[in-house]
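Report on one structure; see the data block that follows.
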Number of protein chains: 2
Amino acid sequence: MKKIDSDTKVLIVGLGLIGGSYAKALTKKGCKVRAITLKDSDIEYSVKEGFIEDGTTEVTEEYLAWADIIVFSLYPHTLLEWLKKYAGLIKKGTVCTDVTGVKSCVVYDAQALMPDGVEFIAAHPMAGRERSGVRHSDESVFIGANFIVVPTDKNTPETVEYCKQLGEVLGFYRVSVLDPESHDRMIAFLSQLTHCIAVSLMCTNDTPGFEAYTGDSFRDLTRIAKINGEMWSELFISNKQFLLAEMDNFINQFTLLRNMLENEDKEGMCRMMQISTQRREKFDKPKVKEG
Amino acid sequence: MKKIDSDTKVLIVGLGLIGGSYAKALTKKGCKVRAITLKDSDIEYSVKEGFIEDGTTEVTEEYLAWADIIVFSLYPHTLLEWLKKYAGLIKKGTVCTDVTGVKSCVVYDAQALMPDGVEFIAAHPMAGRERSGVRHSDESVFIGANFIVVPTDKNTPETVEYCKQLGEVLGFYRVSVLDPESHDRMIAFLSQLTHCIAVSLMCTNDTPGFEAYTGDSFRDLTRIAKINGEMWSELFISNKQFLLAEMDNFINQFTLLRNMLENEDKEGMCRMMQISTQRREKFDKPKVKEG
């Protein structure tokens, strides 16, 4: 199997928070990293900081032909638009991958757009920050986090392994493999639903001065309410079917608890709290490897 | 005004997580601390660890007469039952206070049960842990946290100031004053609603293996789903009117977002996310004083 090492040439397309964090992690591991992105100022910054060799705002054949791996760090619809325009320029033998938070709506189309001899293997680095942009990129977001490879039947076992290796080299805590549907169901519950809750909670009450009394529980529940609306609304709509199902499941449980409270059904409430306490045990944070 | 210093004698009634944390903080500040609690083993442990001088499982007149301040760290209904039995033994001039998380349902009854010359001033130390019991007590939970004094028109300005001083001596980040109704409305939204959400979220989906993919957002939202059901269901029911109102407000906002998703109303979703992002800015954690 091919090794990701100091001979490996990685092209990042889209130098934002995650693209920049990939570039930092891979440069530290000795890979050669270049970038294609929208703003000259982001390229200048990243070259000056030393985590890319160079970059361009124009998509050129030279850049695409140079790369062993191309990482697309773009919004779902931008990724597909980009591939429609430029995928034909990617040279045979290149491995393409992405960082998109939803998969079914992207991976099949992306694979269909690949030229002969170019394999697209989807991946989801489950890491982020409340801020966006390359200036907030930081490879330490990968420590303790999950990297999920999301192959289809179009992918070869070798490329699946190669992509798993990428997750390891990036410094993720755990690298695993899921099919697109399982991935999207999981992400609807564990990630998208939590963002919907945080946003709704923040919109629930705007009494002036409440912030002065805020404790950790409210802060923890709303940390992710600082949200890139443009990106997340697109991710939500791209995963509408699964997310709606989870939202409805949540409303059912919440309404159950609400009605128990109305009826002063202390036993019922205690039962739900026992379930929640037991289940939450399983979700405690693992001890992380040092980066 | 009276000073809380090394001459001050504090009796803790109920040596659990919060009672024990009070004892640790006050002993460190040089106060004399004794305790009345249910289990001999908790007293032995706390004397051995050096954060109480001694304690008893029997309510004795000697202990009650000794104290300048009595801190009741009991569940709401236990507090009132205790006072009905023993309040008559409290000596004139003693200041009584509590740590209860709801106020309207407790403070007026507690004040009515005080003998002549004994003032009960309600307080809410907004701090806690997912674990209970004196063995998990830790005065560092007060660092960065809020201490709320909740007076009624039965309280004197001197005792309000004395209780504020107690919050400062305990090491709280911010000491403030609220009337019982304002307190209970605030706590319904900032604390109780968040616990209801965490419990309901944990009950929403039990797909085996999901814990392997959990990121920080799900962990943060469900940290408080490990919950002492006995205590919290009592606190919820004690604050039913305000909590039901906040639960309904939240369901309205969440359902609004759900319906926007169903209609693929990207603009509407972005608008809610803008509101949540802006509002959340105000709730960022303050820089804390070192304890």
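Ordering of the structure tokens sets the chain letters (A, B, ...); residue numbers start at 1 within each chain; ligands are numbered from 1 in the order shown.
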Could you give me, as a Markdown table, a per-residue list for chain B showing, wherever an atom lies at most 6 Å from an atom of chain A, the closest pair of atoms and their distance in Å to one decimal, using only C-alpha atoms and sorting by chain then residue number from low to high?
```
| residue | atom | partner | partner_atom | distance |
| --- | --- | --- | --- | --- |
| B:Leu190 | CA | A:Phe218 | CA | 5.8 |
| B:Val199 | CA | A:Ser276 | CA | 5.4 |
| B:Ser200 | CA | A:Phe254 | CA | 5.1 |
| B:Met202 | CA | A:Ser276 | CA | 5.1 |
| B:Cys203 | CA | A:Ser276 | CA | 5.9 |
| B:Thr204 | CA | A:Phe250 | CA | 5.3 |
| B:Glu211 | CA | A:Phe283 | CA | 5.2 |
| B:Phe218 | CA | A:Leu190 | CA | 5.8 |
| B:Asp220 | CA | A:Asp220 | CA | 5.2 |
| B:Leu221 | CA | A:Leu221 | CA | 4.6 |
| B:Ala225 | CA | A:Ser276 | CA | 5.6 |
| B:Lys226 | CA | A:Thr277 | CA | 4.0 |
| B:Ile227 | CA | A:Thr277 | CA | 5.9 |
| B:Gly229 | CA | A:Cys270 | CA | 4.8 |
| B:Ser233 | CA | A:Lys266 | CA | 6.0 |
| B:Asn249 | CA | A:Thr204 | CA | 5.8 |
| B:Phe250 | CA | A:Thr204 | CA | 5.3 |
| B:Gln253 | CA | A:Ser200 | CA | 5.3 |
| B:Phe254 | CA | A:Ser200 | CA | 5.1 |
| B:Lys266 | CA | A:Ser233 | CA | 5.9 |
| B:Cys270 | CA | A:Gly229 | CA | 4.8 |
| B:Met273 | CA | A:Gly229 | CA | 5.4 |
| B:Ser276 | CA | A:Met202 | CA | 5.1 |
| B:Thr277 | CA | A:Lys226 | CA | 4.0 |
| B:Phe283 | CA | A:Glu211 | CA | 5.2 |
```
Only N, CA and C atoms, please: the residues just picked out, written as a PDB file, in the first residue's frame.
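Below you can see selection.pdb, which holds the result:
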```pdb
ATOM      1  N   LEU B 190     -32.492  28.975  32.647  1.00  0.00           N
ATOM      2  CA  LEU B 190     -31.046  28.753  32.505  1.00  0.00           C
ATOM      3  C   LEU B 190     -30.597  27.391  33.012  1.00  0.00           C
ATOM      4  N   VAL B 199     -31.798  15.414  29.287  1.00  0.00           N
ATOM      5  CA  VAL B 199     -32.423  14.127  29.592  1.00  0.00           C
ATOM      6  C   VAL B 199     -33.209  13.624  28.372  1.00  0.00           C
ATOM      7  N   SER B 200     -33.989  14.503  27.754  1.00  0.00           N
ATOM      8  CA  SER B 200     -34.800  14.097  26.602  1.00  0.00           C
ATOM      9  C   SER B 200     -33.911  13.682  25.431  1.00  0.00           C
ATOM     10  N   MET B 202     -30.945  12.415  25.554  1.00  0.00           N
ATOM     11  CA  MET B 202     -30.336  11.120  25.860  1.00  0.00           C
ATOM     12  C   MET B 202     -31.350   9.995  25.669  1.00  0.00           C
ATOM     13  N   CYS B 203     -32.634  10.289  25.831  1.00  0.00           N
ATOM     14  CA  CYS B 203     -33.682   9.274  25.670  1.00  0.00           C
ATOM     15  C   CYS B 203     -34.136   9.138  24.209  1.00  0.00           C
ATOM     16  N   THR B 204     -33.644  10.010  23.329  1.00  0.00           N
ATOM     17  CA  THR B 204     -34.157  10.080  21.956  1.00  0.00           C
ATOM     18  C   THR B 204     -33.722   8.920  21.074  1.00  0.00           C
ATOM     19  N   GLU B 211     -21.887   5.798  20.478  1.00  0.00           N
ATOM     20  CA  GLU B 211     -20.938   6.483  21.363  1.00  0.00           C
ATOM     21  C   GLU B 211     -19.540   6.567  20.737  1.00  0.00           C
ATOM     22  N   PHE B 218     -22.142  16.780  21.194  1.00  0.00           N
ATOM     23  CA  PHE B 218     -23.079  15.881  21.873  1.00  0.00           C
ATOM     24  C   PHE B 218     -22.679  15.682  23.337  1.00  0.00           C
ATOM     25  N   ASP B 220     -21.108  17.789  25.282  1.00  0.00           N
ATOM     26  CA  ASP B 220     -21.410  19.001  26.042  1.00  0.00           C
ATOM     27  C   ASP B 220     -22.903  19.106  26.333  1.00  0.00           C
ATOM     28  N   LEU B 221     -23.728  18.758  25.349  1.00  0.00           N
ATOM     29  CA  LEU B 221     -25.173  18.898  25.537  1.00  0.00           C
ATOM     30  C   LEU B 221     -25.737  17.877  26.511  1.00  0.00           C
ATOM     31  N   ALA B 225     -27.003  15.186  31.633  1.00  0.00           N
ATOM     32  CA  ALA B 225     -28.013  14.121  31.575  1.00  0.00           C
ATOM     33  C   ALA B 225     -27.727  13.026  32.603  1.00  0.00           C
ATOM     34  N   LYS B 226     -26.517  13.037  33.169  1.00  0.00           N
ATOM     35  CA  LYS B 226     -26.221  12.223  34.361  1.00  0.00           C
ATOM     36  C   LYS B 226     -26.764  13.008  35.534  1.00  0.00           C
ATOM     37  N   ILE B 227     -27.873  12.578  36.038  1.00  0.00           N
ATOM     38  CA  ILE B 227     -28.645  13.480  36.893  1.00  0.00           C
ATOM     39  C   ILE B 227     -29.202  12.728  38.097  1.00  0.00           C
ATOM     40  N   GLY B 229     -32.011  11.949  39.836  1.00  0.00           N
ATOM     41  CA  GLY B 229     -33.435  12.028  39.501  1.00  0.00           C
ATOM     42  C   GLY B 229     -34.311  12.407  40.683  1.00  0.00           C
ATOM     43  N   SER B 233     -36.255  15.880  39.967  1.00  0.00           N
ATOM     44  CA  SER B 233     -37.697  15.802  39.726  1.00  0.00           C
ATOM     45  C   SER B 233     -38.427  16.609  40.807  1.00  0.00           C
ATOM     46  N   ASN B 249     -42.126  27.403  25.498  1.00  0.00           N
ATOM     47  CA  ASN B 249     -41.415  28.360  24.639  1.00  0.00           C
ATOM     48  C   ASN B 249     -40.355  27.659  23.791  1.00  0.00           C
ATOM     49  N   PHE B 250     -39.634  26.745  24.424  1.00  0.00           N
ATOM     50  CA  PHE B 250     -38.597  26.022  23.690  1.00  0.00           C
ATOM     51  C   PHE B 250     -39.200  25.150  22.595  1.00  0.00           C
ATOM     52  N   GLN B 253     -39.970  27.254  19.555  1.00  0.00           N
ATOM     53  CA  GLN B 253     -38.808  27.625  18.738  1.00  0.00           C
ATOM     54  C   GLN B 253     -38.263  26.424  17.974  1.00  0.00           C
ATOM     55  N   PHE B 254     -38.211  25.284  18.656  1.00  0.00           N
ATOM     56  CA  PHE B 254     -37.670  24.078  18.030  1.00  0.00           C
ATOM     57  C   PHE B 254     -38.571  23.640  16.871  1.00  0.00           C
ATOM     58  N   LYS B 266     -34.169  28.049   3.782  1.00  0.00           N
ATOM     59  CA  LYS B 266     -32.788  28.302   4.174  1.00  0.00           C
ATOM     60  C   LYS B 266     -32.630  29.688   4.806  1.00  0.00           C
ATOM     61  N   CYS B 270     -31.185  30.473   8.509  1.00  0.00           N
ATOM     62  CA  CYS B 270     -30.037  31.374   8.685  1.00  0.00           C
ATOM     63  C   CYS B 270     -30.380  32.492   9.661  1.00  0.00           C
ATOM     64  N   MET B 273     -30.222  31.229  13.133  1.00  0.00           N
ATOM     65  CA  MET B 273     -28.824  30.988  13.512  1.00  0.00           C
ATOM     66  C   MET B 273     -28.082  32.289  13.766  1.00  0.00           C
ATOM     67  N   SER B 276     -29.177  33.297  17.238  1.00  0.00           N
ATOM     68  CA  SER B 276     -28.549  32.468  18.276  1.00  0.00           C
ATOM     69  C   SER B 276     -27.070  32.827  18.417  1.00  0.00           C
ATOM     70  N   THR B 277     -26.402  33.088  17.296  1.00  0.00           N
ATOM     71  CA  THR B 277     -24.975  33.438  17.345  1.00  0.00           C
ATOM     72  C   THR B 277     -24.773  34.761  18.084  1.00  0.00           C
ATOM     73  N   PHE B 283     -23.042  35.380  26.458  1.00  0.00           N
ATOM     74  CA  PHE B 283     -22.975  34.351  27.502  1.00  0.00           C
ATOM     75  C   PHE B 283     -21.586  33.724  27.642  1.00  0.00           C
TER      76      PHE B 283
END
```
query = Which residues, written as a count of residues only, have at least one atom at most 7 Å from region 109-113 of chain B, with only C-alpha atoms counted and residues fewer than 5 positions away on the same chain left out?
reply = 5
Least-squares superposed chain B, target chain A, every Cα, as a tab-separated table (two decimals) with C-alpha atoms, in the first residue's frame:
```
chain	number	residue	atom	x	y	z
B	1	MET	CA	-0.03	0.01	-0.02
B	2	LYS	CA	1.08	3.56	-0.69
B	3	LYS	CA	2.46	5.36	2.36
B	4	ILE	CA	1.67	8.91	3.36
B	5	ASP	CA	5.11	10.31	4.15
B	6	SER	CA	7.50	13.12	3.28
B	7	ASP	CA	7.21	12.26	-0.43
B	8	THR	CA	3.45	12.73	-0.39
B	9	LYS	CA	2.07	15.76	-2.18
B	10	VAL	CA	-1.23	17.07	-0.85
B	11	LEU	CA	-3.33	19.73	-2.52
B	12	ILE	CA	-5.93	21.41	-0.33
B	13	VAL	CA	-8.84	22.93	-2.24
B	14	GLY	CA	-10.55	25.43	0.06
B	15	LEU	CA	-8.26	26.82	2.74
B	16	GLY	CA	-10.65	27.49	5.60
B	17	LEU	CA	-10.78	26.26	9.18
B	18	ILE	CA	-10.60	22.55	8.33
B	19	GLY	CA	-8.52	22.87	5.14
B	20	GLY	CA	-6.00	24.94	7.08
B	21	SER	CA	-5.95	22.43	9.95
B	22	TYR	CA	-5.25	19.60	7.47
B	23	ALA	CA	-2.43	21.69	5.97
B	24	LYS	CA	-0.90	22.33	9.40
B	25	ALA	CA	-1.09	18.69	10.49
B	26	LEU	CA	0.28	17.33	7.19
B	27	THR	CA	3.09	19.89	6.94
B	28	LYS	CA	4.17	18.92	10.47
B	29	LYS	CA	4.31	15.29	9.35
B	30	GLY	CA	6.63	16.31	6.51
B	31	CYS	CA	4.19	16.15	3.58
B	32	LYS	CA	4.38	18.73	0.81
B	33	VAL	CA	1.24	20.86	0.93
B	34	ARG	CA	-0.09	23.40	-1.57
B	35	ALA	CA	-3.50	25.04	-1.81
B	36	ILE	CA	-6.12	26.38	-4.14
B	37	THR	CA	-8.44	28.86	-2.48
B	38	LEU	CA	-10.47	32.02	-3.05
B	39	LYS	CA	-8.40	34.71	-1.37
B	40	ASP	CA	-4.83	35.75	-2.00
B	41	SER	CA	-4.60	37.03	1.55
B	42	ASP	CA	-5.28	33.52	2.94
B	43	ILE	CA	-2.50	32.10	0.78
B	44	GLU	CA	-0.04	34.82	1.83
B	45	TYR	CA	-0.91	34.23	5.47
B	46	SER	CA	-0.52	30.44	5.21
B	47	VAL	CA	2.79	30.58	3.31
B	48	LYS	CA	4.12	33.08	5.85
B	49	GLU	CA	3.03	30.81	8.72
B	50	GLY	CA	4.80	27.98	6.94
B	51	PHE	CA	2.01	25.44	6.65
B	52	ILE	CA	1.69	25.51	2.85
B	53	GLU	CA	4.49	25.74	0.32
B	54	ASP	CA	2.49	27.94	-2.00
B	55	GLY	CA	-1.00	28.42	-3.37
B	56	THR	CA	-3.13	29.88	-6.11
B	57	THR	CA	-6.56	31.42	-6.51
B	58	GLU	CA	-6.71	30.14	-10.10
B	59	VAL	CA	-7.38	26.46	-10.72
B	60	THR	CA	-4.40	25.36	-12.82
B	61	GLU	CA	-3.54	22.06	-14.42
B	62	GLU	CA	-0.05	22.28	-12.94
B	63	TYR	CA	-1.38	22.27	-9.37
B	64	LEU	CA	-3.82	19.46	-10.04
B	65	ALA	CA	-1.25	17.34	-11.86
B	66	TRP	CA	1.28	17.81	-9.02
B	67	ALA	CA	-0.88	16.25	-6.29
B	68	ASP	CA	-0.97	12.67	-4.98
B	69	ILE	CA	-3.97	13.52	-2.81
B	70	ILE	CA	-6.49	16.30	-3.32
B	71	VAL	CA	-8.54	17.26	-0.25
B	72	PHE	CA	-11.71	19.19	-1.03
B	73	SER	CA	-12.63	21.34	1.93
B	74	LEU	CA	-15.70	23.00	0.41
B	75	TYR	CA	-19.44	23.29	1.10
B	76	PRO	CA	-21.42	20.41	-0.47
B	77	HIS	CA	-22.88	22.37	-3.40
B	78	THR	CA	-19.57	24.16	-4.06
B	79	LEU	CA	-17.76	20.84	-4.16
B	80	LEU	CA	-20.07	19.50	-6.85
B	81	GLU	CA	-19.93	22.74	-8.87
B	82	TRP	CA	-16.12	22.68	-8.67
B	83	LEU	CA	-15.94	19.08	-9.84
B	84	LYS	CA	-18.28	19.76	-12.76
B	85	LYS	CA	-15.91	22.47	-13.94
B	86	TYR	CA	-12.46	21.09	-13.19
B	87	ALA	CA	-12.56	17.34	-12.43
B	88	GLY	CA	-11.45	16.58	-15.99
B	89	LEU	CA	-8.06	18.16	-15.21
B	90	ILE	CA	-7.23	15.77	-12.38
B	91	LYS	CA	-4.49	13.34	-13.39
B	92	LYS	CA	-4.89	9.57	-13.34
B	93	GLY	CA	-3.86	7.91	-10.06
B	94	THR	CA	-4.74	10.87	-7.85
B	95	VAL	CA	-6.79	10.10	-4.76
B	96	CYS	CA	-9.51	12.68	-4.09
B	97	THR	CA	-11.19	13.05	-0.73
B	98	ASP	CA	-13.40	15.57	1.07
B	99	VAL	CA	-14.35	16.78	4.55
B	100	THR	CA	-18.10	17.25	4.05
B	101	GLY	CA	-20.40	16.72	7.01
B	102	VAL	CA	-23.10	14.92	4.97
B	103	LYS	CA	-22.39	12.12	2.58
B	104	SER	CA	-25.30	10.55	0.65
B	105	CYS	CA	-26.06	13.79	-1.17
B	106	VAL	CA	-22.44	14.30	-2.23
B	107	VAL	CA	-20.46	11.11	-2.60
B	108	TYR	CA	-22.35	9.40	-5.43
B	109	ASP	CA	-22.41	12.57	-7.54
B	110	ALA	CA	-18.75	13.30	-6.81
B	111	GLN	CA	-17.72	9.79	-7.80
B	112	ALA	CA	-19.72	10.02	-11.02
B	113	LEU	CA	-17.83	13.22	-11.92
B	114	MET	CA	-14.34	11.66	-11.55
B	115	PRO	CA	-12.39	10.99	-14.74
B	116	ASP	CA	-11.14	7.44	-15.44
B	117	GLY	CA	-8.43	6.35	-13.03
B	118	VAL	CA	-9.24	8.92	-10.35
B	119	GLU	CA	-10.82	7.61	-7.18
B	120	PHE	CA	-12.94	9.74	-4.87
B	121	ILE	CA	-13.10	8.44	-1.32
B	122	ALA	CA	-15.36	10.36	1.06
B	123	ALA	CA	-14.25	11.16	4.60
B	124	HIS	CA	-15.67	13.13	7.50
B	125	PRO	CA	-13.26	14.61	10.02
B	126	MET	CA	-15.60	15.14	13.00
B	127	ALA	CA	-13.88	18.23	14.32
B	128	GLY	CA	-14.59	21.91	14.24
B	129	ARG	CA	-14.56	25.21	16.03
B	130	GLU	CA	-17.09	27.96	16.61
B	131	ARG	CA	-14.97	30.19	14.39
B	132	SER	CA	-14.31	29.87	10.71
B	133	GLY	CA	-11.46	30.80	8.38
B	134	VAL	CA	-7.87	29.66	7.97
B	135	ARG	CA	-6.66	32.06	10.68
B	136	HIS	CA	-8.49	29.93	13.27
B	137	SER	CA	-7.22	26.63	11.88
B	138	ASP	CA	-5.48	24.43	14.41
B	139	GLU	CA	-4.46	20.81	13.98
B	140	SER	CA	-5.09	20.15	17.66
B	141	VAL	CA	-8.85	20.02	16.90
B	142	PHE	CA	-8.20	16.50	15.62
B	143	ILE	CA	-6.86	15.21	18.95
B	144	GLY	CA	-9.50	13.07	20.62
B	145	ALA	CA	-11.78	13.34	17.57
B	146	ASN	CA	-13.26	10.86	15.09
B	147	PHE	CA	-12.30	10.44	11.47
B	148	ILE	CA	-14.83	8.53	9.43
B	149	VAL	CA	-14.07	7.04	6.03
B	150	VAL	CA	-17.29	6.67	4.04
B	151	PRO	CA	-16.73	4.36	1.06
B	152	THR	CA	-19.24	3.24	-1.55
B	153	ASP	CA	-19.06	0.13	-3.75
B	154	LYS	CA	-17.09	2.26	-6.24
B	155	ASN	CA	-14.10	2.36	-3.87
B	156	THR	CA	-11.23	-0.13	-3.77
B	157	PRO	CA	-10.06	-1.66	-0.48
B	158	GLU	CA	-6.61	-0.12	-1.08
B	159	THR	CA	-8.00	3.40	-1.26
B	160	VAL	CA	-10.14	2.83	1.84
B	161	GLU	CA	-6.95	1.83	3.70
B	162	TYR	CA	-5.08	4.81	2.24
B	163	CYS	CA	-7.78	7.17	3.48
B	164	LYS	CA	-7.74	5.54	6.94
B	165	GLN	CA	-4.00	6.18	6.97
B	166	LEU	CA	-4.73	9.84	6.19
B	167	GLY	CA	-6.94	10.05	9.30
B	168	GLU	CA	-4.18	8.52	11.41
B	169	VAL	CA	-1.50	10.83	10.01
B	170	LEU	CA	-3.76	13.81	10.74
B	171	GLY	CA	-3.76	12.76	14.41
B	172	PHE	CA	-7.36	11.65	14.92
B	173	TYR	CA	-8.19	9.63	18.02
B	174	ARG	CA	-10.26	7.05	16.19
B	175	VAL	CA	-10.52	6.15	12.52
B	176	SER	CA	-13.53	4.13	11.41
B	177	VAL	CA	-15.54	3.20	8.36
B	178	LEU	CA	-19.28	3.68	7.74
B	179	ASP	CA	-21.49	3.46	4.67
B	180	PRO	CA	-23.05	6.78	3.56
B	181	GLU	CA	-26.53	6.06	4.93
B	182	SER	CA	-25.29	4.92	8.36
B	183	HIS	CA	-23.05	7.97	8.49
B	184	ASP	CA	-25.89	10.35	7.70
B	185	ARG	CA	-28.24	8.78	10.27
B	186	MET	CA	-25.53	9.00	12.91
B	187	ILE	CA	-24.64	12.59	12.09
B	188	ALA	CA	-28.32	13.61	12.13
B	189	PHE	CA	-28.60	12.52	15.74
B	190	LEU	CA	-25.16	13.18	17.25
B	191	SER	CA	-24.30	16.43	15.52
B	192	GLN	CA	-27.12	18.09	13.58
B	193	LEU	CA	-29.85	17.57	16.19
B	194	THR	CA	-27.59	19.02	18.90
B	195	HIS	CA	-27.03	22.12	16.78
B	196	CYS	CA	-30.80	22.49	16.21
B	197	ILE	CA	-31.36	22.26	19.97
B	198	ALA	CA	-28.68	24.83	20.79
B	199	VAL	CA	-30.02	27.31	18.23
B	200	SER	CA	-33.63	26.86	19.40
B	201	LEU	CA	-32.65	27.19	23.06
B	202	MET	CA	-30.82	30.43	22.35
B	203	CYS	CA	-33.93	31.76	20.57
B	204	THR	CA	-36.27	30.73	23.43
B	205	ASN	CA	-35.75	33.57	25.89
B	206	ASP	CA	-34.05	36.93	25.60
B	207	THR	CA	-34.65	38.39	29.06
B	208	PRO	CA	-32.05	41.16	29.54
B	209	GLY	CA	-29.47	40.39	32.19
B	210	PHE	CA	-29.87	36.61	32.27
B	211	GLU	CA	-26.29	36.19	31.08
B	212	ALA	CA	-25.13	37.38	34.51
B	213	TYR	CA	-26.57	34.25	36.12
B	214	THR	CA	-25.46	31.73	33.54
B	215	GLY	CA	-23.76	28.60	34.81
B	216	ASP	CA	-21.82	25.88	33.02
B	217	SER	CA	-24.86	23.84	32.02
B	218	PHE	CA	-26.40	26.61	29.91
B	219	ARG	CA	-23.00	27.54	28.48
B	220	ASP	CA	-22.26	23.95	27.51
B	221	LEU	CA	-25.64	23.48	25.84
B	222	THR	CA	-25.33	26.65	23.78
B	223	ARG	CA	-21.62	26.73	22.89
B	224	ILE	CA	-22.51	25.47	19.40
B	225	ALA	CA	-25.31	28.04	19.03
B	226	LYS	CA	-22.57	30.30	17.62
B	227	ILE	CA	-22.97	28.81	14.23
B	228	ASN	CA	-22.06	29.41	10.62
B	229	GLY	CA	-25.66	29.65	9.34
B	230	GLU	CA	-24.73	29.49	5.68
B	231	MET	CA	-22.94	26.18	6.09
B	232	TRP	CA	-25.17	24.48	8.65
B	233	SER	CA	-28.48	25.31	6.96
B	234	GLU	CA	-27.05	23.73	3.81
B	235	LEU	CA	-25.91	20.66	5.75
B	236	PHE	CA	-29.34	20.36	7.45
B	237	ILE	CA	-31.24	20.55	4.17
B	238	SER	CA	-28.81	18.08	2.57
B	239	ASN	CA	-29.69	15.58	5.31
B	240	LYS	CA	-33.34	16.57	5.67
B	241	GLN	CA	-34.91	13.12	5.80
B	242	PHE	CA	-32.77	11.77	8.66
B	243	LEU	CA	-32.64	15.04	10.57
B	244	LEU	CA	-36.42	15.52	10.51
B	245	ALA	CA	-36.84	12.01	11.92
B	246	GLU	CA	-34.46	12.75	14.80
B	247	MET	CA	-36.07	16.13	15.49
B	248	ASP	CA	-39.46	14.43	15.74
B	249	ASN	CA	-38.08	11.72	18.02
B	250	PHE	CA	-36.63	14.40	20.26
B	251	ILE	CA	-39.89	16.39	20.35
B	252	ASN	CA	-41.68	13.20	21.41
B	253	GLN	CA	-39.32	12.58	24.34
B	254	PHE	CA	-39.30	16.22	25.39
B	255	THR	CA	-43.10	16.39	25.26
B	256	LEU	CA	-43.31	13.19	27.31
B	257	LEU	CA	-41.20	14.80	30.04
B	258	ARG	CA	-43.22	18.02	29.79
B	259	ASN	CA	-46.48	16.14	30.32
B	260	MET	CA	-45.03	14.18	33.25
B	261	LEU	CA	-44.15	17.51	34.84
B	262	GLU	CA	-47.65	18.87	34.23
B	263	ASN	CA	-49.10	15.74	35.90
B	264	GLU	CA	-46.47	15.86	38.68
B	265	ASP	CA	-45.56	12.30	37.75
B	266	LYS	CA	-42.37	12.17	39.81
B	267	GLU	CA	-41.86	8.45	39.23
B	268	GLY	CA	-42.03	8.84	35.45
B	269	MET	CA	-39.55	11.72	35.52
B	270	CYS	CA	-37.17	9.73	37.73
B	271	ARG	CA	-37.41	6.83	35.26
B	272	MET	CA	-36.42	9.05	32.31
B	273	MET	CA	-33.56	10.49	34.37
B	274	GLN	CA	-32.34	7.00	35.25
B	275	ILE	CA	-32.31	6.08	31.56
B	276	SER	CA	-30.47	9.27	30.63
B	277	THR	CA	-27.92	8.79	33.43
B	278	GLN	CA	-27.22	5.19	32.44
B	279	ARG	CA	-26.95	5.91	28.73
B	280	ARG	CA	-24.74	8.92	29.25
B	281	GLU	CA	-22.12	6.77	31.03
B	282	LYS	CA	-21.25	5.22	27.67
B	283	PHE	CA	-20.52	8.61	26.15
B	284	ASP	CA	-17.80	9.74	28.55
B	285	LYS	CA	-14.76	11.11	26.81
B	286	PRO	CA	-12.02	8.58	26.12
B	287	LYS	CA	-8.48	9.24	27.26
B	288	VAL	CA	-6.87	10.91	24.25
B	289	LYS	CA	-3.53	10.18	22.67
B	290	GLU	CA	-1.18	13.13	22.80
B	291	GLY	CA	-0.77	14.82	19.43
```
key: region 1-96 of chain A: residues DSSP assigns to strand (DSSP E or B), reported as a list of chain:residue names   = A:Lys9, A:Val10, A:Leu11, A:Ile12, A:Val13, A:Lys32, A:Val33, A:Arg34, A:Ala35, A:Ile36, A:Asp54, A:Gly55, A:Thr56, A:Ile69, A:Ile70, A:Val71, A:Phe72, A:Val95, A:Cys96
